[in-house]
Amino acid sequence: MNSTANFQVDVVIPTQTKYLNLIGSIGEHIAKDLEDFSGDREALAYHLNLVLTEATTNAIKHANLEDPKDTVRVNIDIQEKELIIRVYDHGQGFDLESIANPDFDHPKEGGMGLFFIRTLMDSVSYKNLAGSNMLEIRKSLV
Amino acid sequence: MNLIEEKIKDFNVLFVKDERIDAHNSADLKDYILHMIEKGAVNIVVQLEQVKFVDSSGLGALLSGFKHAEAKSGQLALSNIQNQVLSMFELTRLNRVFEIHADLNDIFEIDS
């Protein structure tokens, strides 16, 4: 059987939080099925579930609220040595750099989502594209 | 959200029966806990044995409950947290905020 090391999963969902479970579960399955991954698979499964959930929640929050048919696209690109998550929204966008990490001595309800993404993955960026915004998250698999 | 509240000794124990707490159901949890506090509950324990996944909004809902209980001179503790979920509390240092018990019996033994 040929190697399935490189493949992509591309999903488009309505901007509704009930689909978070679906998106998170895809990440969990990918972690459990990865070939040649020698790290902690259970931890990676949770982390991908969490990061996909947080990124999709963020995209839903930043979606175009005036368009009931607005969608969020989630693309997961699995390569031999790296996993890349790209989440696209059609909202106003936001400044990633302006969002600080939480103050652990004075914990607040918000702001932990991006902290999880930054902490559990290797890099994160947010770009304005023509007609949409893209949150790109990278995680090394070696 | 699937929640069951039980009065055990002096504690109002809230059993979360969903496997997942995320932005889809965390507001229900937050509202339920606030309602418990409004009704006068001061010793709240949230039992998380069934919960396999919590995101930032879930942690936020529990933190909200903790702060509201504290404001009314009450307390909100957690019990039976699964390892992967516990690691999220550790990553955000929230394990230093909440009183976390391995098992409900631990709490009742301390109390008696």
# chains A, B, ... in the order shown; residues from 1 in each chain; ligands from 1
call {"tool": "residues_around", "arguments": {"residues": "A:Ile84", "least_positions_apart": "4", "cutoff": "6 Å", "atoms": "only C-alpha atoms", "output": "ChimeraX atom specification"}}
result
/A:76-77,137-138
call {"tool": "write_last_selection", "arguments": {"atoms": "N, CA and C atoms", "output": "compact mmCIF listing (two decimals), in the first residue's frame"}}
result
# COMPACT_ATOMS: atom_id res chain seq x y z
N ILE A 76 -7.06 21.22 6.62
CA ILE A 76 -5.98 20.59 7.39
C ILE A 76 -5.06 19.90 6.39
N ASP A 77 -3.83 20.34 6.39
CA ASP A 77 -2.86 19.86 5.41
C ASP A 77 -1.82 19.02 6.16
N ILE A 137 -2.00 27.93 11.18
CA ILE A 137 -1.35 27.36 12.36
C ILE A 137 -0.47 26.20 11.90
N ARG A 138 0.76 26.18 12.38
CA ARG A 138 1.67 25.12 11.96
C ARG A 138 2.18 24.32 13.14
call {"tool": "residues_around", "arguments": {"residues": "A:Leu96", "least_positions_apart": "5", "cutoff": "10 Å", "atoms": "only C-alpha atoms", "output": "NGL selection string"}}
result
:A and (114 or 124-127 or 135)
call {"tool": "write_last_selection", "arguments": {"atoms": "N, CA and C atoms", "output": "PDB file, in the first residue's frame"}}
result
ATOM      1  N   LEU A 114      -6.589  31.749  22.170  1.00  0.00           N
ATOM      2  CA  LEU A 114      -5.398  32.020  21.385  1.00  0.00           C
ATOM      3  C   LEU A 114      -4.136  31.577  22.118  1.00  0.00           C
ATOM      4  N   VAL A 124       1.685  30.667  14.537  1.00  0.00           N
ATOM      5  CA  VAL A 124       0.340  31.077  14.152  1.00  0.00           C
ATOM      6  C   VAL A 124       0.409  32.451  13.495  1.00  0.00           C
ATOM      7  N   SER A 125      -0.338  32.606  12.406  1.00  0.00           N
ATOM      8  CA  SER A 125      -0.388  33.918  11.748  1.00  0.00           C
ATOM      9  C   SER A 125      -1.806  34.157  11.243  1.00  0.00           C
ATOM     10  N   TYR A 126      -2.128  35.416  11.032  1.00  0.00           N
ATOM     11  CA  TYR A 126      -3.471  35.778  10.552  1.00  0.00           C
ATOM     12  C   TYR A 126      -3.297  36.729   9.378  1.00  0.00           C
ATOM     13  N   LYS A 127      -3.874  36.359   8.252  1.00  0.00           N
ATOM     14  CA  LYS A 127      -3.661  37.150   7.040  1.00  0.00           C
ATOM     15  C   LYS A 127      -4.980  37.567   6.418  1.00  0.00           C
ATOM     16  N   LEU A 135      -6.503  32.234   9.270  1.00  0.00           N
ATOM     17  CA  LEU A 135      -5.657  31.943  10.423  1.00  0.00           C
ATOM     18  C   LEU A 135      -4.857  30.696  10.071  1.00  0.00           C
TER      19      LEU A 135
END
call {"tool": "residues_around", "arguments": {"residues": "stretch 19-28 of chain A", "least_positions_apart": "6", "cutoff": "9 Å", "atoms": "only C-alpha atoms", "output": "PyMOL selection string"}}
result
(chain A and resi 9+11+13+42+44-54+56-57+74+76) or (chain B and resi 20+22-24)
call {"tool": "closest_residue", "arguments": {"among": "A:Phe7, A:Phe37, A:Phe115, A:Tyr88", "to": "A:Ala130", "atoms": "only C-alpha atoms"}}
result
A:Tyr88
call {"tool": "closest_residue", "arguments": {"among": "A:Met112, A:Ile99, A:Leu129, A:Ala55", "to": "A:Thr17", "atoms": "only C-alpha atoms"}}
result
A:Ala55
call {"tool": "residues_around", "arguments": {"residues": "A:Ser38", "least_positions_apart": "6", "cutoff": "12 Å", "atoms": "only C-alpha atoms", "output": "list in words"}}
result
Ala31, Lys32, Leu44, Lys81, Leu141 and Val142 of chain A
call {"tool": "interface_residues", "arguments": {"of": "chain B", "to": "chain A", "cutoff": "9 Å", "atoms": "only C-alpha atoms", "output": "list in words"}}
result
Arg20, Asp22, Ala23, His24, Asn25, Phe53, Val54, Asp55, Ser56, Ser57, Leu59, Gly60, Ala61, Leu62, Leu63, Ser64, Gln84, Val85, Met88, Leu91, Thr92, Arg93, Leu94 and Val97 of chain B
call {"tool": "closest_residue", "arguments": {"among": "A:Gln92, A:Asn128, A:Ser123, A:Asn75", "to": "A:Gln8", "atoms": "only C-alpha atoms"}}
result
A:Asn75
call {"tool": "atom_distance", "arguments": {"atom1": "atom CA of A:Asp40", "atom2": "atom CA of B:Glu19"}}
result
21.3 Å
call {"tool": "select_by_dssp", "arguments": {"residues": "chain B", "states": "strand (DSSP E or B)", "output": "list of chain:residue names"}}
result
B:Leu3, B:Ile4, B:Glu5, B:Glu6, B:Lys7, B:Ile8, B:Phe11, B:Asn12, B:Val13, B:Leu14, B:Phe15, B:Val16, B:Arg20, B:Ile21, B:Asn43, B:Ile44, B:Val45, B:Val46, B:Gln47, B:Phe53, B:Val54, B:Gln75, B:Leu76, B:Ala77, B:Leu78, B:Ser79, B:Ile100, B:His101
call {"tool": "residues_around", "arguments": {"residues": "B:Val13", "least_positions_apart": "5", "cutoff": "8 Å", "atoms": "only C-alpha atoms", "output": "PyMOL selection string"}}
result
chain B and resi 5-8+44-47
call {"tool": "write_last_selection", "arguments": {"atoms": "N, CA and C atoms", "output": "compact mmCIF listing (two decimals), in the first residue's frame"}}
result
# COMPACT_ATOMS: atom_id res chain seq x y z
N GLU B 5 -27.91 17.88 39.16
CA GLU B 5 -27.53 18.49 40.44
C GLU B 5 -28.02 17.61 41.58
N GLU B 6 -27.11 17.37 42.53
CA GLU B 6 -27.49 16.55 43.69
C GLU B 6 -26.99 17.22 44.95
N LYS B 7 -27.83 17.21 45.97
CA LYS B 7 -27.40 17.72 47.27
C LYS B 7 -26.80 16.55 48.04
N ILE B 8 -25.51 16.62 48.34
CA ILE B 8 -24.85 15.56 49.11
C ILE B 8 -24.19 16.21 50.32
N ILE B 44 -20.27 24.52 46.27
CA ILE B 44 -20.55 23.86 44.98
C ILE B 44 -19.35 23.00 44.58
N VAL B 45 -19.66 21.81 44.11
CA VAL B 45 -18.62 20.95 43.53
C VAL B 45 -19.07 20.58 42.12
N VAL B 46 -18.21 20.79 41.14
CA VAL B 46 -18.52 20.37 39.78
C VAL B 46 -17.75 19.08 39.52
N GLN B 47 -18.51 18.02 39.28
CA GLN B 47 -17.91 16.69 39.08
C GLN B 47 -17.76 16.46 37.58
call {"tool": "select_by_dssp", "arguments": {"residues": "stretch 3-142 of chain A", "states": "helix (DSSP H, G or I)", "output": "short mmCIF file (atom, residue, chain, number, x, y, z; two decimals) with N, CA and C atoms, in the first residue's frame"}}
result
data_model
loop_
_atom_site.label_atom_id
_atom_site.label_comp_id
_atom_site.auth_asym_id
_atom_site.auth_seq_id
_atom_site.Cartn_x
_atom_site.Cartn_y
_atom_site.Cartn_z
N THR A 17 -21.92 27.02 16.25
CA THR A 17 -21.04 26.31 17.18
C THR A 17 -21.35 24.82 17.29
N LYS A 18 -22.51 24.39 16.82
CA LYS A 18 -22.81 22.96 16.93
C LYS A 18 -21.87 22.11 16.06
N TYR A 19 -21.16 22.74 15.14
CA TYR A 19 -20.23 22.00 14.29
C TYR A 19 -18.82 21.90 14.87
N LEU A 20 -18.61 22.51 16.04
CA LEU A 20 -17.28 22.48 16.65
C LEU A 20 -16.84 21.05 16.96
N ASN A 21 -17.77 20.26 17.43
CA ASN A 21 -17.47 18.86 17.78
C ASN A 21 -16.96 18.10 16.56
N LEU A 22 -17.62 18.33 15.42
CA LEU A 22 -17.23 17.68 14.17
C LEU A 22 -15.80 18.06 13.79
N ILE A 23 -15.52 19.36 13.82
CA ILE A 23 -14.19 19.83 13.41
C ILE A 23 -13.12 19.30 14.38
N GLY A 24 -13.41 19.40 15.68
CA GLY A 24 -12.45 18.91 16.68
C GLY A 24 -12.19 17.42 16.53
N SER A 25 -13.25 16.67 16.26
CA SER A 25 -13.13 15.21 16.13
C SER A 25 -12.24 14.83 14.94
N ILE A 26 -12.30 15.61 13.88
CA ILE A 26 -11.45 15.34 12.72
C ILE A 26 -9.98 15.40 13.14
N GLY A 27 -9.66 16.45 13.93
CA GLY A 27 -8.29 16.59 14.41
C GLY A 27 -7.86 15.41 15.26
N GLU A 28 -8.78 14.96 16.10
CA GLU A 28 -8.48 13.83 16.97
C GLU A 28 -8.20 12.57 16.15
N HIS A 29 -9.02 12.34 15.15
CA HIS A 29 -8.84 11.16 14.28
C HIS A 29 -7.52 11.24 13.52
N ILE A 30 -7.20 12.42 13.03
CA ILE A 30 -5.95 12.57 12.28
C ILE A 30 -4.77 12.20 13.17
N ALA A 31 -4.78 12.72 14.40
CA ALA A 31 -3.67 12.43 15.33
C ALA A 31 -3.55 10.93 15.58
N LYS A 32 -4.66 10.27 15.72
CA LYS A 32 -4.63 8.84 16.03
C LYS A 32 -4.20 8.00 14.84
N ASP A 33 -4.41 8.54 13.63
CA ASP A 33 -4.08 7.77 12.42
C ASP A 33 -2.74 8.14 11.80
N ARG A 41 0.64 10.39 21.29
CA ARG A 41 -0.49 10.45 20.36
C ARG A 41 -1.78 10.96 21.05
N GLU A 42 -2.00 10.52 22.26
CA GLU A 42 -3.21 10.95 23.00
C GLU A 42 -3.17 12.46 23.25
N ALA A 43 -1.99 12.96 23.61
CA ALA A 43 -1.85 14.39 23.86
C ALA A 43 -2.05 15.16 22.56
N LEU A 44 -1.44 14.67 21.48
CA LEU A 44 -1.60 15.34 20.18
C LEU A 44 -3.07 15.36 19.77
N ALA A 45 -3.77 14.26 20.01
CA ALA A 45 -5.19 14.17 19.66
C ALA A 45 -5.98 15.26 20.40
N TYR A 46 -5.72 15.41 21.69
CA TYR A 46 -6.41 16.46 22.46
C TYR A 46 -6.03 17.84 21.94
N HIS A 47 -4.74 18.02 21.69
CA HIS A 47 -4.26 19.34 21.28
C HIS A 47 -4.84 19.75 19.92
N LEU A 48 -4.91 18.81 18.98
CA LEU A 48 -5.47 19.15 17.67
C LEU A 48 -6.97 19.41 17.78
N ASN A 49 -7.64 18.61 18.58
CA ASN A 49 -9.06 18.84 18.85
C ASN A 49 -9.25 20.25 19.41
N LEU A 50 -8.44 20.59 20.39
CA LEU A 50 -8.57 21.89 21.06
C LEU A 50 -8.25 23.05 20.13
N VAL A 51 -7.13 22.94 19.42
CA VAL A 51 -6.70 24.04 18.55
C VAL A 51 -7.71 24.26 17.41
N LEU A 52 -8.20 23.16 16.84
CA LEU A 52 -9.22 23.29 15.79
C LEU A 52 -10.51 23.90 16.34
N THR A 53 -10.87 23.48 17.55
CA THR A 53 -12.08 24.02 18.19
C THR A 53 -11.93 25.52 18.45
N GLU A 54 -10.78 25.90 19.01
CA GLU A 54 -10.55 27.32 19.33
C GLU A 54 -10.50 28.17 18.06
N ALA A 55 -9.78 27.68 17.05
CA ALA A 55 -9.64 28.46 15.81
C ALA A 55 -10.98 28.60 15.10
N THR A 56 -11.79 27.53 15.13
CA THR A 56 -13.09 27.58 14.46
C THR A 56 -14.06 28.48 15.25
N THR A 57 -14.01 28.39 16.57
CA THR A 57 -14.83 29.28 17.41
C THR A 57 -14.51 30.73 17.09
N ASN A 58 -13.22 31.00 17.00
CA ASN A 58 -12.75 32.34 16.69
C ASN A 58 -13.29 32.82 15.33
N ALA A 59 -13.23 31.93 14.36
CA ALA A 59 -13.72 32.28 13.02
C ALA A 59 -15.23 32.51 13.03
N ILE A 60 -15.96 31.71 13.80
CA ILE A 60 -17.41 31.88 13.89
C ILE A 60 -17.73 33.22 14.55
N LYS A 61 -16.97 33.56 15.60
CA LYS A 61 -17.18 34.84 16.30
C LYS A 61 -16.89 36.01 15.39
N LEU A 96 -3.98 39.98 15.29
CA LEU A 96 -3.49 38.88 16.12
C LEU A 96 -2.50 39.35 17.19
N GLU A 97 -1.64 40.29 16.79
CA GLU A 97 -0.59 40.75 17.71
C GLU A 97 -1.15 41.52 18.89
N SER A 98 -2.37 42.07 18.72
CA SER A 98 -2.94 42.89 19.80
C SER A 98 -3.51 42.03 20.93
N MET A 112 -8.10 32.86 26.56
CA MET A 112 -7.33 31.63 26.71
C MET A 112 -7.24 30.84 25.39
N GLY A 113 -8.17 31.09 24.48
CA GLY A 113 -8.21 30.33 23.23
C GLY A 113 -6.95 30.50 22.40
N LEU A 114 -6.59 31.75 22.17
CA LEU A 114 -5.40 32.02 21.38
C LEU A 114 -4.14 31.58 22.12
N PHE A 115 -4.18 31.68 23.44
CA PHE A 115 -3.05 31.20 24.25
C PHE A 115 -2.81 29.71 24.00
N PHE A 116 -3.89 28.93 23.96
CA PHE A 116 -3.75 27.50 23.69
C PHE A 116 -3.13 27.26 22.31
N ILE A 117 -3.60 28.00 21.32
CA ILE A 117 -3.08 27.83 19.97
C ILE A 117 -1.59 28.16 19.94
N ARG A 118 -1.22 29.28 20.54
CA ARG A 118 0.19 29.70 20.54
C ARG A 118 1.07 28.71 21.30
N THR A 119 0.54 28.21 22.42
CA THR A 119 1.35 27.35 23.28
C THR A 119 1.49 25.93 22.74
N LEU A 120 0.42 25.40 22.19
CA LEU A 120 0.43 23.99 21.80
C LEU A 120 0.95 23.76 20.38
#
call {"tool": "residues_around", "arguments": {"residues": "stretch 34-39 of chain B", "least_positions_apart": "4", "cutoff": "10 Å", "atoms": "only C-alpha atoms", "output": "MDAnalysis selection string"}}
result
chainID B and resid 5 12 14 28:30 43:44 61 64:66 68:70 72 74:76
call {"tool": "atom_distance", "arguments": {"atom1": "atom CA of A:Met121", "atom2": "atom CA of A:Glu136"}}
result
10.7 Å
call {"tool": "atom_distance", "arguments": {"atom1": "atom CA of A:Val87", "atom2": "atom CA of A:Pro14"}}
result
13.0 Å
call {"tool": "decode", "arguments": {"residues": "stretch 109-134 of chain A", "atoms": "N, CA and C atoms", "output": "tab-separated table (two decimals), in the first residue's frame"}}
result
chain	number	residue	atom	x	y	z
A	109	GLU	N	-12.02	35.22	32.16
A	109	GLU	CA	-12.74	34.22	31.37
A	109	GLU	C	-12.25	34.14	29.93
A	110	GLY	N	-11.92	35.28	29.35
A	110	GLY	CA	-11.57	35.28	27.93
A	110	GLY	C	-10.08	35.23	27.68
A	111	GLY	N	-9.71	35.11	26.43
A	111	GLY	CA	-8.31	35.23	26.04
A	111	GLY	C	-7.49	33.96	26.13
A	112	MET	N	-8.10	32.86	26.56
A	112	MET	CA	-7.33	31.63	26.71
A	112	MET	C	-7.24	30.84	25.39
A	113	GLY	N	-8.17	31.09	24.48
A	113	GLY	CA	-8.21	30.33	23.23
A	113	GLY	C	-6.95	30.50	22.40
A	114	LEU	N	-6.59	31.75	22.17
A	114	LEU	CA	-5.40	32.02	21.38
A	114	LEU	C	-4.14	31.58	22.12
A	115	PHE	N	-4.18	31.68	23.44
A	115	PHE	CA	-3.05	31.20	24.25
A	115	PHE	C	-2.81	29.71	24.00
A	116	PHE	N	-3.89	28.93	23.96
A	116	PHE	CA	-3.75	27.50	23.69
A	116	PHE	C	-3.13	27.26	22.31
A	117	ILE	N	-3.60	28.00	21.32
A	117	ILE	CA	-3.08	27.83	19.97
A	117	ILE	C	-1.59	28.16	19.94
A	118	ARG	N	-1.22	29.28	20.54
A	118	ARG	CA	0.19	29.70	20.54
A	118	ARG	C	1.07	28.71	21.30
A	119	THR	N	0.54	28.21	22.42
A	119	THR	CA	1.35	27.35	23.28
A	119	THR	C	1.49	25.93	22.74
A	120	LEU	N	0.42	25.40	22.19
A	120	LEU	CA	0.43	23.99	21.80
A	120	LEU	C	0.95	23.76	20.38
A	121	MET	N	0.94	24.82	19.57
A	121	MET	CA	1.41	24.68	18.20
A	121	MET	C	2.73	25.45	18.04
A	122	ASP	N	3.33	25.37	16.86
A	122	ASP	CA	4.65	25.99	16.68
A	122	ASP	C	4.58	27.42	16.17
A	123	SER	N	3.61	27.72	15.31
A	123	SER	CA	3.49	29.10	14.85
A	123	SER	C	2.05	29.40	14.47
A	124	VAL	N	1.68	30.67	14.54
A	124	VAL	CA	0.34	31.08	14.15
A	124	VAL	C	0.41	32.45	13.49
A	125	SER	N	-0.34	32.61	12.41
A	125	SER	CA	-0.39	33.92	11.75
A	125	SER	C	-1.81	34.16	11.24
A	126	TYR	N	-2.13	35.42	11.03
A	126	TYR	CA	-3.47	35.78	10.55
A	126	TYR	C	-3.30	36.73	9.38
A	127	LYS	N	-3.87	36.36	8.25
A	127	LYS	CA	-3.66	37.15	7.04
A	127	LYS	C	-4.98	37.57	6.42
A	128	ASN	N	-4.98	38.78	5.87
A	128	ASN	CA	-6.13	39.23	5.09
A	128	ASN	C	-5.91	38.82	3.65
A	129	LEU	N	-6.87	38.06	3.12
A	129	LEU	CA	-6.81	37.68	1.72
A	129	LEU	C	-7.95	38.38	1.01
A	130	ALA	N	-8.04	38.25	-0.28
A	130	ALA	CA	-9.14	38.87	-1.02
A	130	ALA	C	-10.45	38.22	-0.59
A	131	GLY	N	-11.29	38.96	0.11
A	131	GLY	CA	-12.62	38.47	0.47
A	131	GLY	C	-12.68	37.59	1.70
A	132	SER	N	-11.55	37.28	2.28
A	132	SER	CA	-11.58	36.47	3.50
A	132	SER	C	-10.32	36.68	4.33
A	133	ASN	N	-10.33	36.13	5.53
A	133	ASN	CA	-9.16	36.15	6.41
A	133	ASN	C	-8.75	34.71	6.65
A	134	MET	N	-7.46	34.52	6.87
A	134	MET	CA	-6.98	33.16	7.10
A	134	MET	C	-6.10	33.11	8.35
